[in-house]
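Worksheet for the structure shown next.
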Amino acid sequence: MQSFLRVRHSETMGVDIDAVLKEIGEFGSYQRRIYFLLCLPAIFVGAANLAQVFIAATPKYRCVVPLCDANISNPSYNQPFLNFTIPYNTKDKSWDGCHRYQRLHNNHSCIPEDFSKNVTEECPEGKAFSTNIYSSTIVSEYNLTCNAAWKTEMSQTIVFAGVMAGSFFFGIVGDLIGRKMTLMIAILCMAASGTVCALVAALPTLFSCRFFNAMMSNGVFQTAFLLGVELMGPTMRLPCGIIIEYFYALGEMFLSLVSWWAKDWRMIQLIISGPCIVLCVILVRSKLIPESPRWLQAQGKHEKVLALLKKIAEKNNNDIEPVLQRLENISTEEEDRRATTEVNTSTKVTLLNVMKSPLLCVRMFSLFFIWTTTTIVYYGLSLNATSFNYGKEDLGPFVDFIFSALMEIPGYTLAWLGMNYMGRKISLALSMIFAGILCSGAGFSQEYNTDYLLALTLLGKCFITSSFGVIYVFTPEMFPTSVRSTILGLCSTFSRIGSMLAPFSKELELIYGPLPLLVFGGLSLVAATLVLVMPETQKTELPDTMEEALNLGRTQIVQLPVDEEEEEEEEEQHLLPED
């Protein structure tokens, strides 16, 4: 049996955390409580990241018609005079939102003879918005229509720019000050900024606030995910990496239900942000969340690592003393031998070390492209989820979005099962391949037969979600502990290039209707080919050093088969008590 503890040179003692957790509990009652608490913020992160779908939704609108609209400051959308004052778009089956028929006479009446039948004009007096679905959105409050409609897409791009900044910033901060402190700061700032967003008046201030809120929310999810994985044993990394994604999907469904009930964008923003303050107070006052033992060890704080492992063992009703006794009984000769063969983990691996390694560089930049592709496809499908027209007109956007969110549950489940039975590498490749085929098929269906468009789009969302689930687990497993959070943050940062472009993907329809879906499909297939450079990390320990990271995949090729009976006998000999 593998020794519980690794003895380091110069009296620096590092604990083999994975081996110890296998004995004291990989996912004991103590870790389960912590993990549940870490998953709760993911609900609000999921709601915050896609809140744009509802708070910046564009309701039906038309031009205000002076002398016909009785209340110009708050006009009603449906009026009997529309058939002779507003052009009707037969293709969209709606009234023209940006033009009205020109008035011919300056009298104070509102009759058909007062308006031209051919000549139109713009409407500087403003717009009348339908309130059948939304009582108020950013679009209706700030009149982001017609020539100002680009600000709607820009607002979502600003949000994803904040997510990108948060990925980079919190990736570095998480490695500098620790996962726990980073998480607490991010949750508090996310709650505060989200609440302020619901109260501001000026549009530039709102955009700035949403940038900061997105930055904080991504820091919350990224840090909670990493801390949850690092507190568990090796066999529980996979389920813990996936279960938190279920909470993220629940957050999307929570967002849709809140939006259906509130219908006002400020109330929606308050509801999805306010509870985070309560959550932050609970986490801080209860002191339930510990620091990551792996981060502590990477910082050389071995006494705190042992103290935390003792606490985990005690809470799980297990005894860690035999492990510590084994450490005390290790001979000087064994210490000297290991000191000459093992890399001293007190030497901190930096991003520069990773950049100097051609193999790790290739893997890292390949992951940048895979992450970027996954996010542009995922958010491209998610942001347009309310246009499937599956439900009735008044409930359609909310039902459509719930269906899209529900597809993430089987998507993450496929990722879980695939990584468990086929490994990370094959699961990621197959997820990208199927996503590419289905998105391309949806594009051709949009061109030739729309009967299958909804089914193909939802299945494409399912498989790109599976890809998201895999890369969040796969990426941290390939790099050393001291740069794990930084590289995960860099991958998430590069991926936000895709999410920033996703709101504008609909503009490709102006060139060719199915082009957005075809682009999604093509990018997914290209990304699938880059998976070939990745190592398989299934059933491997998280690497602590550069050597361990470089040997991922290599040891599986060169390792000779071991007879199972001989291995069991060797383990039994190690378990015998010493004289």
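Ordered as shown in the structure tokens, chains take letters A, B, and onward, while each chain numbers its residues from 1 and ligands are numbered from 1 in the order shown.
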
Taking 6 positions as the minimum chain separation for residues in the same chain, which residues sit within 6 Å of region 477-482 of chain A when counting only C-alpha atoms? Answer as a ChimeraX atom specification. /A:298,349,542-545,549

Since we have the selection now, will you write its residues out, keeping all heavy atoms, as a PDB file, in the first residue's frame?
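Final output, saved to again-v5.pdb:
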ATOM      1  N   ALA A 298       0.870  23.698  -0.574  1.00  0.00           N
ATOM      2  CA  ALA A 298       1.652  24.376  -1.611  1.00  0.00           C
ATOM      3  C   ALA A 298       2.355  25.613  -1.052  1.00  0.00           C
ATOM      4  O   ALA A 298       3.405  26.024  -1.572  1.00  0.00           O
ATOM      5  CB  ALA A 298       0.745  24.777  -2.777  1.00  0.00           C
ATOM      6  N   VAL A 349       5.846  26.035  -7.765  1.00  0.00           N
ATOM      7  CA  VAL A 349       5.753  26.089  -9.223  1.00  0.00           C
ATOM      8  C   VAL A 349       5.028  27.372  -9.616  1.00  0.00           C
ATOM      9  O   VAL A 349       4.008  27.725  -9.028  1.00  0.00           O
ATOM     10  CB  VAL A 349       4.991  24.860  -9.760  1.00  0.00           C
ATOM     11  CG1 VAL A 349       4.872  24.935 -11.279  1.00  0.00           C
ATOM     12  CG2 VAL A 349       5.693  23.579  -9.351  1.00  0.00           C
ATOM     13  N   LEU A 542      -3.983  14.366  -7.985  1.00  0.00           N
ATOM     14  CA  LEU A 542      -3.719  15.723  -8.451  1.00  0.00           C
ATOM     15  C   LEU A 542      -2.218  15.996  -8.385  1.00  0.00           C
ATOM     16  O   LEU A 542      -1.590  15.768  -7.342  1.00  0.00           O
ATOM     17  CB  LEU A 542      -4.460  16.739  -7.592  1.00  0.00           C
ATOM     18  CG  LEU A 542      -5.993  16.769  -7.735  1.00  0.00           C
ATOM     19  CD1 LEU A 542      -6.587  17.724  -6.718  1.00  0.00           C
ATOM     20  CD2 LEU A 542      -6.404  17.162  -9.134  1.00  0.00           C
ATOM     21  N   PRO A 543      -1.611  16.464  -9.467  1.00  0.00           N
ATOM     22  CA  PRO A 543      -0.169  16.722  -9.452  1.00  0.00           C
ATOM     23  C   PRO A 543       0.187  17.897  -8.552  1.00  0.00           C
ATOM     24  O   PRO A 543      -0.504  18.921  -8.537  1.00  0.00           O
ATOM     25  CB  PRO A 543       0.152  17.024 -10.917  1.00  0.00           C
ATOM     26  CG  PRO A 543      -1.125  17.524 -11.496  1.00  0.00           C
ATOM     27  CD  PRO A 543      -2.218  16.788 -10.777  1.00  0.00           C
ATOM     28  N   ASP A 544       1.264  17.742  -7.808  1.00  0.00           N
ATOM     29  CA  ASP A 544       1.771  18.818  -6.961  1.00  0.00           C
ATOM     30  C   ASP A 544       2.998  19.492  -7.569  1.00  0.00           C
ATOM     31  O   ASP A 544       3.311  20.639  -7.249  1.00  0.00           O
ATOM     32  CB  ASP A 544       2.128  18.291  -5.569  1.00  0.00           C
ATOM     33  CG  ASP A 544       0.895  17.862  -4.783  1.00  0.00           C
ATOM     34  OD1 ASP A 544      -0.133  18.550  -4.898  1.00  0.00           O
ATOM     35  OD2 ASP A 544       0.959  16.833  -4.090  1.00  0.00           O
ATOM     36  N   THR A 545       3.716  18.769  -8.427  1.00  0.00           N
ATOM     37  CA  THR A 545       4.985  19.268  -8.971  1.00  0.00           C
ATOM     38  C   THR A 545       4.941  19.261 -10.486  1.00  0.00           C
ATOM     39  O   THR A 545       4.055  18.665 -11.112  1.00  0.00           O
ATOM     40  CB  THR A 545       6.149  18.385  -8.493  1.00  0.00           C
ATOM     41  OG1 THR A 545       6.003  17.083  -9.072  1.00  0.00           O
ATOM     42  CG2 THR A 545       6.169  18.276  -6.977  1.00  0.00           C
ATOM     43  N   ALA A 549       3.056  16.596 -13.177  1.00  0.00           N
ATOM     44  CA  ALA A 549       2.194  17.086 -14.259  1.00  0.00           C
ATOM     45  C   ALA A 549       2.673  16.588 -15.614  1.00  0.00           C
ATOM     46  O   ALA A 549       1.870  16.195 -16.473  1.00  0.00           O
ATOM     47  CB  ALA A 549       2.143  18.613 -14.238  1.00  0.00           C
TER      48      ALA A 549
END

Practice problem: Tell me, as a ChimeraX atom specification, which residues lie within 6 Å of region 234-245 of chain A, counting only C-alpha atoms; anything in the same chain fewer than 2 positions away does not count. | Solution: /A:39,229,232,247-248,473

Just the selected residues (N, CA and C atoms), exported as a PDB file, in the first residue's frame, please.
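Generated output (part29.pdb):
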ATOM      1  N   CYS A  39     -21.918  24.646  -2.714  1.00  0.00           N
ATOM      2  CA  CYS A  39     -22.777  24.561  -3.905  1.00  0.00           C
ATOM      3  C   CYS A  39     -23.874  25.625  -3.907  1.00  0.00           C
ATOM      4  N   VAL A 229     -13.418  20.665  -4.866  1.00  0.00           N
ATOM      5  CA  VAL A 229     -12.653  19.547  -5.428  1.00  0.00           C
ATOM      6  C   VAL A 229     -11.435  19.237  -4.568  1.00  0.00           C
ATOM      7  N   MET A 232     -11.797  17.021  -1.284  1.00  0.00           N
ATOM      8  CA  MET A 232     -12.260  15.640  -1.398  1.00  0.00           C
ATOM      9  C   MET A 232     -11.135  14.707  -1.807  1.00  0.00           C
ATOM     10  N   PHE A 247     -26.347  22.573  -9.428  1.00  0.00           N
ATOM     11  CA  PHE A 247     -26.821  23.755  -8.706  1.00  0.00           C
ATOM     12  C   PHE A 247     -26.816  24.980  -9.619  1.00  0.00           C
ATOM     13  N   TYR A 248     -25.831  25.064 -10.500  1.00  0.00           N
ATOM     14  CA  TYR A 248     -25.784  26.163 -11.472  1.00  0.00           C
ATOM     15  C   TYR A 248     -27.021  26.114 -12.378  1.00  0.00           C
ATOM     16  N   VAL A 473     -13.734  19.835 -14.746  1.00  0.00           N
ATOM     17  CA  VAL A 473     -13.073  18.806 -13.939  1.00  0.00           C
ATOM     18  C   VAL A 473     -11.694  18.481 -14.504  1.00  0.00           C
TER      19      VAL A 473
END

Using only C-alpha atoms, the residue out of A:Glu547, A:Ile187, A:Leu21, A:Ile277 with shortest distance to Asn213 (chain A) is A:Ile187

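Non-sequential neighbours of Ser135 (chain A) (distance at most 9 Å, separation of 5 or more positions within a chain, only C-alpha atoms) are Phe129, Ser130, Ser140, Ala262, Lys263, Asp264 and Trp265 of chain A.
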
**Asked** In region 333-511 of chain A, what's alpha helix (DSSP H) per DSSP? Answer as a ChimeraX atom specification?
**Response** /A:333-341,351-356,358-383,396-406,408-421,424-448,453-474,481-501

query = Closest to Arg496 (chain A) among A:Phe160, A:Ile433, A:Pro87, A:Leu309, using only C-alpha atoms?
reply =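 Checking each candidate against Arg496 (chain A), we get A:Phe160 as the closest.
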
Give me the residues near Tyr77 (chain A) as a ChimeraX atom specification, where near means some atom within 12 Å (using only C-alpha atoms) and where sequence neighbours in that chain fewer than 3 positions away do not count. /A:59-65,68-72,74,80-82,86,94-97,127-132,135,140

Expressed in Å, the length from CA of Ala198 (chain A) to CA of Gln269 (chain A) is 5.5 Å

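Taking CA of Ala47 (chain A) and CA of Leu270 (chain A) as the two end points, the separation is 11.5 Å.
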
Using only C-alpha atoms, the residue out of A:Ala192, A:Ile133, A:Leu279, A:Cys209 with shortest distance to Phe54 (chain A) is A:Ile133

- Query: If you count only C-alpha atoms, which residues fall within 7 Å of region 163-170 of chain A, apart from same-chain ones fewer than 5 positions away, as number ranges by chain?
  - Reply: A: 214-216, 218-219, 489-490, 492-493, 496

Filtering to C-alpha atoms, could you give me those residues as a short mmCIF file (atom, residue, chain, number, x, y, z; two decimals), in the first residue's frame?
data_model
loop_
_atom_site.label_atom_id
_atom_site.label_comp_id
_atom_site.auth_asym_id
_atom_site.auth_seq_id
_atom_site.Cartn_x
_atom_site.Cartn_y
_atom_site.Cartn_z
CA ALA A 214 -20.23 39.57 -13.17
CA MET A 215 -16.59 39.78 -12.13
CA MET A 216 -17.50 38.84 -8.55
CA ASN A 218 -17.41 34.30 -11.62
CA GLY A 219 -14.92 34.53 -8.78
CA GLY A 489 -8.64 31.30 -14.20
CA LEU A 490 -6.72 31.83 -17.46
CA SER A 492 -11.98 30.83 -17.96
CA THR A 493 -10.60 34.24 -19.00
CA ARG A 496 -15.02 34.73 -22.08
#

Check: What does the distance between CA of Leu515 (chain A) and CA of Gly380 (chain A) come to in Å, to one decimal place?
Finding: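 CA of Gly380 (chain A) lies 12.2 Å from CA of Leu515 (chain A).
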
Counting only C-alpha atoms, give me one row per residue of region 481-541 of chain A with an atom at most 8 Å from an atom of region 367-373 of chain A, showing the shortest contact pair and its distance in Å to one decimal, sorted by chain then residue number, as JSON lines.
{"residue": "A:Leu490", "atom": "CA", "partner": "A:Phe368", "partner_atom": "CA", "distance": 7.8}
{"residue": "A:Cys491", "atom": "CA", "partner": "A:Phe368", "partner_atom": "CA", "distance": 5.2}
{"residue": "A:Ser492", "atom": "CA", "partner": "A:Trp371", "partner_atom": "CA", "distance": 6.9}
{"residue": "A:Phe494", "atom": "CA", "partner": "A:Phe368", "partner_atom": "CA", "distance": 5.8}
{"residue": "A:Ser495", "atom": "CA", "partner": "A:Thr372", "partner_atom": "CA", "distance": 3.7}
{"residue": "A:Arg496", "atom": "CA", "partner": "A:Thr372", "partner_atom": "CA", "distance": 6.6}
{"residue": "A:Ile497", "atom": "CA", "partner": "A:Thr372", "partner_atom": "CA", "distance": 6.3}
{"residue": "A:Gly498", "atom": "CA", "partner": "A:Thr372", "partner_atom": "CA", "distance": 4.9}
{"residue": "A:Ser499", "atom": "CA", "partner": "A:Thr372", "partner_atom": "CA", "distance": 7.6}
{"residue": "A:Phe520", "atom": "CA", "partner": "A:Thr373", "partner_atom": "CA", "distance": 7.9}
{"residue": "A:Leu523", "atom": "CA", "partner": "A:Thr373", "partner_atom": "CA", "distance": 6.1}
{"residue": "A:Ser524", "atom": "CA", "partner": "A:Thr373", "partner_atom": "CA", "distance": 6.3}
{"residue": "A:Ala527", "atom": "CA", "partner": "A:Ile370", "partner_atom": "CA", "distance": 5.2}
{"residue": "A:Ala528", "atom": "CA", "partner": "A:Ile370", "partner_atom": "CA", "distance": 7.8}
{"residue": "A:Leu530", "atom": "CA", "partner": "A:Ile370", "partner_atom": "CA", "distance": 7.6}

Which residue is closest to Phe207 (chain A)? Choose from A:Leu308, A:Asn89, A:Cys110, A:Gln52 and count only C-alpha atoms.
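Going through A:Leu308, A:Asn89, A:Cys110, A:Gln52 one by one, the smallest distance to Phe207 (chain A) is for A:Gln52.
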
#### Entry: Among the residues A:Thr120, A:Ser505, A:Pro293, A:Val399, the one that comes closest to Gly233 (chain A) [using only C-alpha atoms]
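Of all the options, A:Pro293 lies closest to Gly233 (chain A).
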
Need to verify the contact set: Leu352 (chain A), 12 Å, only C-alpha atoms, exclusion of same-chain residues closer than 5 positions in sequence. Can you return it as a PyMOL selection string? chain A and resi 357-358+360-361+482-483+486-487+546

Selection file, N, CA, C and O atoms, as a tab-separated table (two decimals), in the first residue's frame:
chain	number	residue	atom	x	y	z
A	357	SER	N	7.70	24.84	-20.31
A	357	SER	CA	7.51	23.44	-20.71
A	357	SER	C	6.70	23.38	-22.00
A	357	SER	O	5.52	23.75	-22.01
A	358	PRO	N	7.28	22.93	-23.11
A	358	PRO	CA	6.54	22.87	-24.38
A	358	PRO	C	5.26	22.02	-24.29
A	358	PRO	O	4.23	22.40	-24.83
A	360	LEU	N	3.34	21.26	-21.58
A	360	LEU	CA	2.29	21.92	-20.80
A	360	LEU	C	1.77	23.16	-21.51
A	360	LEU	O	0.60	23.51	-21.38
A	361	CYS	N	2.64	23.81	-22.27
A	361	CYS	CA	2.21	24.99	-23.05
A	361	CYS	C	1.19	24.60	-24.11
A	361	CYS	O	0.17	25.27	-24.30
A	482	SER	N	0.11	24.70	-7.11
A	482	SER	CA	0.38	26.12	-6.89
A	482	SER	C	-0.01	27.00	-8.07
A	482	SER	O	-0.08	28.22	-7.93
A	483	VAL	N	-0.27	26.41	-9.25
A	483	VAL	CA	-0.72	27.20	-10.40
A	483	VAL	C	-2.08	26.74	-10.89
A	483	VAL	O	-2.57	27.21	-11.90
A	486	THR	N	-4.62	29.53	-10.97
A	486	THR	CA	-4.24	30.51	-11.98
A	486	THR	C	-4.57	30.03	-13.38
A	486	THR	O	-5.13	30.78	-14.19
A	487	ILE	N	-4.26	28.78	-13.68
A	487	ILE	CA	-4.51	28.26	-15.03
A	487	ILE	C	-6.00	28.07	-15.26
A	487	ILE	O	-6.51	28.34	-16.36
A	546	MET	N	5.93	19.91	-11.09
A	546	MET	CA	6.07	19.91	-12.55
A	546	MET	C	6.29	18.49	-13.07
A	546	MET	O	5.72	18.10	-14.09

Using only C-alpha atoms: which of A:Phe212, A:Pro516, A:Ile409, A:Met154 has the shortest distance to Phe444 (chain A) |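 Looking only at the distances to Phe444 (chain A), the closest residue turns out to be A:Pro516.
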
If we count only C-alpha atoms, what is near Leu227 (chain A) at a cut-off of 7 Å, once residues fewer than 4 positions away on the same chain are taken out, given as a ChimeraX atom specification?
/A:179,223,231,292
